[in-house]
$ cat model18.cif   # mmCIF, C-alpha atoms
data_run
#
loop_
_atom_site.group_PDB
_atom_site.id
_atom_site.type_symbol
_atom_site.label_atom_id
_atom_site.label_comp_id
_atom_site.auth_asym_id
_atom_site.auth_seq_id
_atom_site.Cartn_x
_atom_site.Cartn_y
_atom_site.Cartn_z
ATOM 1 C CA MET F 248 155.111 141.478 17.643
ATOM 2 C CA THR F 249 151.761 140.328 16.244
ATOM 3 C CA GLU F 250 148.541 142.232 15.801
ATOM 4 C CA VAL F 251 145.225 141.573 14.080
ATOM 5 C CA GLN F 252 143.480 144.232 12.048
ATOM 6 C CA ASP F 253 140.294 144.356 10.017
ATOM 7 C CA ASN F 254 141.168 145.230 6.422
ATOM 8 C CA GLU F 255 137.674 146.244 5.334
ATOM 9 C CA ASP F 256 138.829 147.075 1.782
ATOM 10 C CA LYS F 257 139.795 143.417 1.271
ATOM 11 C CA SER F 258 137.029 142.000 3.532
ATOM 12 C CA ARG F 259 139.459 140.134 5.715
ATOM 13 C CA PHE F 260 141.024 140.118 9.134
ATOM 14 C CA GLU F 261 144.798 140.133 8.791
ATOM 15 C CA ILE F 262 147.396 139.028 11.290
ATOM 16 C CA LEU F 263 150.574 141.054 11.064
ATOM 17 C CA VAL F 264 153.987 139.954 12.298
ATOM 18 C CA ASP F 265 156.340 142.899 12.645
ATOM 19 C CA GLY F 266 154.136 144.820 10.199
ATOM 20 C CA ASP F 267 154.006 142.108 7.511
ATOM 21 C CA VAL F 268 150.790 140.240 6.665
ATOM 22 C CA ALA F 269 151.345 136.668 7.827
ATOM 23 C CA GLY F 270 147.796 135.398 7.395
ATOM 24 C CA PHE F 271 144.140 136.300 7.143
ATOM 25 C CA VAL F 272 140.503 135.291 7.503
ATOM 26 C CA ASP F 273 138.332 136.229 4.511
ATOM 27 C CA TYR F 274 134.766 137.245 5.276
ATOM 28 C CA GLU F 275 131.523 138.474 3.771
ATOM 29 C CA LEU F 276 129.730 140.958 6.006
ATOM 30 C CA GLY F 277 125.949 141.149 5.938
ATOM 31 C CA THR F 278 123.551 143.222 7.992
ATOM 32 C CA ASP F 279 123.512 140.902 11.002
ATOM 33 C CA VAL F 280 125.887 138.097 10.045
ATOM 34 C CA ILE F 281 129.518 137.677 9.094
ATOM 35 C CA THR F 282 130.354 134.676 6.931
ATOM 36 C CA MET F 283 133.941 133.560 7.483
ATOM 37 C CA THR F 284 134.905 131.810 4.273
ATOM 38 C CA HIS F 285 138.631 131.066 4.309
ATOM 39 C CA THR F 286 141.671 131.221 6.581
ATOM 40 C CA GLU F 287 145.228 131.199 5.322
ATOM 41 C CA VAL F 288 148.653 131.559 6.930
ATOM 42 C CA ASP F 289 151.779 132.088 4.844
ATOM 43 C CA ASP F 290 154.072 129.044 4.874
ATOM 44 C CA ALA F 291 156.878 131.145 6.357
ATOM 45 C CA TYR F 292 154.764 131.588 9.512
ATOM 46 C CA SER F 293 153.215 128.125 9.831
ATOM 47 C CA GLY F 294 153.345 126.276 13.127
ATOM 48 C CA GLN F 295 153.172 129.425 15.249
ATOM 49 C CA GLY F 296 149.459 129.342 16.075
ATOM 50 C CA LEU F 297 148.751 132.413 13.963
ATOM 51 C CA GLY F 298 145.715 130.845 12.263
ATOM 52 C CA LYS F 299 144.058 130.250 15.605
ATOM 53 C CA LYS F 300 144.967 133.731 16.790
ATOM 54 C CA VAL F 301 143.515 135.528 13.745
ATOM 55 C CA VAL F 302 140.342 133.410 13.864
ATOM 56 C CA ALA F 303 139.880 134.050 17.592
ATOM 57 C CA GLU F 304 140.230 137.795 17.066
ATOM 58 C CA ALA F 305 137.792 137.696 14.131
ATOM 59 C CA LEU F 306 135.263 135.890 16.349
ATOM 60 C CA GLU F 307 135.749 138.445 19.127
ATOM 61 C CA GLN F 308 135.185 141.250 16.605
ATOM 62 C CA ALA F 309 131.937 139.561 15.533
ATOM 63 C CA ARG F 310 130.864 139.447 19.187
ATOM 64 C CA THR F 311 131.734 143.135 19.642
ATOM 65 C CA ARG F 312 129.777 144.084 16.512
ATOM 66 C CA GLY F 313 126.779 142.048 17.642
ATOM 67 C CA VAL F 314 126.635 139.907 14.505
ATOM 68 C CA SER F 315 126.298 136.151 14.233
ATOM 69 C CA VAL F 316 128.887 133.994 12.497
ATOM 70 C CA ARG F 317 128.474 131.582 9.564
ATOM 71 C CA PRO F 318 131.573 129.377 9.814
ATOM 72 C CA VAL F 319 132.071 128.243 6.206
ATOM 73 C CA CYS F 320 135.830 127.931 6.784
ATOM 74 C CA PRO F 321 136.796 124.551 8.339
ATOM 75 C CA LEU F 322 139.358 126.142 10.690
ATOM 76 C CA VAL F 323 136.774 128.613 11.990
ATOM 77 C CA ARG F 324 134.363 125.696 12.632
ATOM 78 C CA LYS F 325 137.082 123.729 14.410
ATOM 79 C CA ILE F 326 137.980 126.611 16.706
ATOM 80 C CA ILE F 327 134.315 127.286 17.506
ATOM 81 C CA ALA F 328 133.755 123.601 18.328
ATOM 82 C CA GLU F 329 136.895 123.142 20.417
ATOM 83 C CA ASP F 330 137.294 126.434 22.303
ATOM 84 C CA THR F 331 134.901 126.050 25.233
ATOM 85 C CA GLU F 332 136.752 128.695 27.265
ATOM 86 C CA ASN F 333 135.600 131.589 25.059
ATOM 87 C CA ASN F 334 132.235 130.002 24.170
ATOM 88 C CA TYR F 335 132.236 131.050 20.527
ATOM 89 C CA LEU F 336 129.387 128.636 19.839
ATOM 90 C CA ASP F 337 126.876 131.272 20.964
ATOM 91 C CA LEU F 338 127.889 133.361 17.937
ATOM 92 C CA VAL F 339 126.469 130.745 15.549
ATOM 93 C CA ARG F 340 122.705 130.624 14.968
ATOM 94 C CA LEU F 341 121.012 127.282 15.669
ATOM 95 C CA PRO F 342 120.194 126.530 11.991
ATOM 96 C CA ASP F 343 123.834 127.233 11.085
ATOM 97 C CA ARG F 344 125.026 124.954 13.883
ATOM 98 C CA GLU F 345 123.083 122.118 12.305
ATOM 99 C CA GLU F 346 124.305 122.972 8.793
ATOM 100 C CA PHE F 347 127.945 123.042 9.871
ATOM 101 C CA ASP F 348 127.692 120.062 12.262
ATOM 102 C CA LEU F 349 128.300 122.054 15.430
ATOM 103 C CA PRO F 350 126.726 121.206 18.815
ATOM 104 C CA SER F 351 123.302 122.715 19.469
#
$ encode --input "model18.cif" --output "structure tokens"
Amino acid sequence: MTEVQDNEDKSRFEILVDGDVAGFVDYELGTDVITMTHTEVDDAYSGQGLGKKVVAEALEQARTRGVSVRPVCPLVRKIIAEDTENNYLDLVRLPDREEFDLPS
């Protein structure tokens, strides 16, 4: 069983597999923006789509909180650019879209 939780003490969203941390998205939270800086999945869990799952949940949490996203992390940028179903692009401000080479 997998679940994603916000570990505010470590400023990261963690994906847990059977209670063990399998990966995370580091972030810096500002007043109206969350900067997602790094995503990592433990080698023991690679190839299971956990990176995409933790990033998607982090983006949904940003939407729920009403904050925009600065996608410093390359995986976060890739998911925003490729996932047209969930339309994560609207979470990124126009100047940040240009900075991170995302569609306007």
$ closest_residue --input "model18.cif" --among "F:Val264, F:Gly277, F:Glu329, F:Ser258" --to "Asp289 (chain F)" --atoms "only C-alpha atoms"
F:Val264
$ atom_distance --input "model18.cif" --atom1 "CA of Lys257 (chain F)" --atom2 "CA of Phe347 (chain F)"
25.1 Å
$ residues_around --input "model18.cif" --residues "Asp256 (chain F)" --least-positions-apart "3" --cutoff "12 Å" --atoms "only C-alpha atoms" --output "MDAnalysis selection string"
chainID F and resid 252:253 259:261 273:276
$ closest_residue --input "model18.cif" --among "F:Leu322, F:Val288, F:Val301, F:Val316" --to "Leu336 (chain F)" --atoms "only C-alpha atoms"
F:Val316
$ closest_residue --input "model18.cif" --among "F:Leu297, F:Ala291, F:Val280, F:Val268" --to "Leu338 (chain F)" --atoms "all atoms listed in the file"
F:Val280
$ atom_distance --input "model18.cif" --atom1 "CA of Ala305 (chain F)" --atom2 "CA of Asp343 (chain F)"
17.7 Å
$ closest_residue --input "model18.cif" --among "F:Ala328, F:Cys320, F:Met248, F:Ala309" --to "Thr284 (chain F)" --atoms "only C-alpha atoms"
F:Cys320
$ resolve_selection --input "model18.cif" --expression "the PyMOL selection byres ((chain F and resi 323) around 9)" --output "MDAnalysis selection string"
chainID F and resid 272 283:286 299 302:303 306 318:322 324:328
$ atom_distance --input "model18.cif" --atom1 "CA of Ile281 (chain F)" --atom2 "CA of Arg344 (chain F)"
14.3 Å
$ closest_residue --input "model18.cif" --among "F:Ala269, F:Glu345, F:Glu255, F:Pro350" --to "Thr331 (chain F)" --atoms "all atoms listed in the file"
F:Pro350
$ closest_residue --input "model18.cif" --among "F:Asn254, F:Thr282, F:Glu287, F:Ser315" --to "Gly270 (chain F)" --atoms "only C-alpha atoms"
F:Glu287
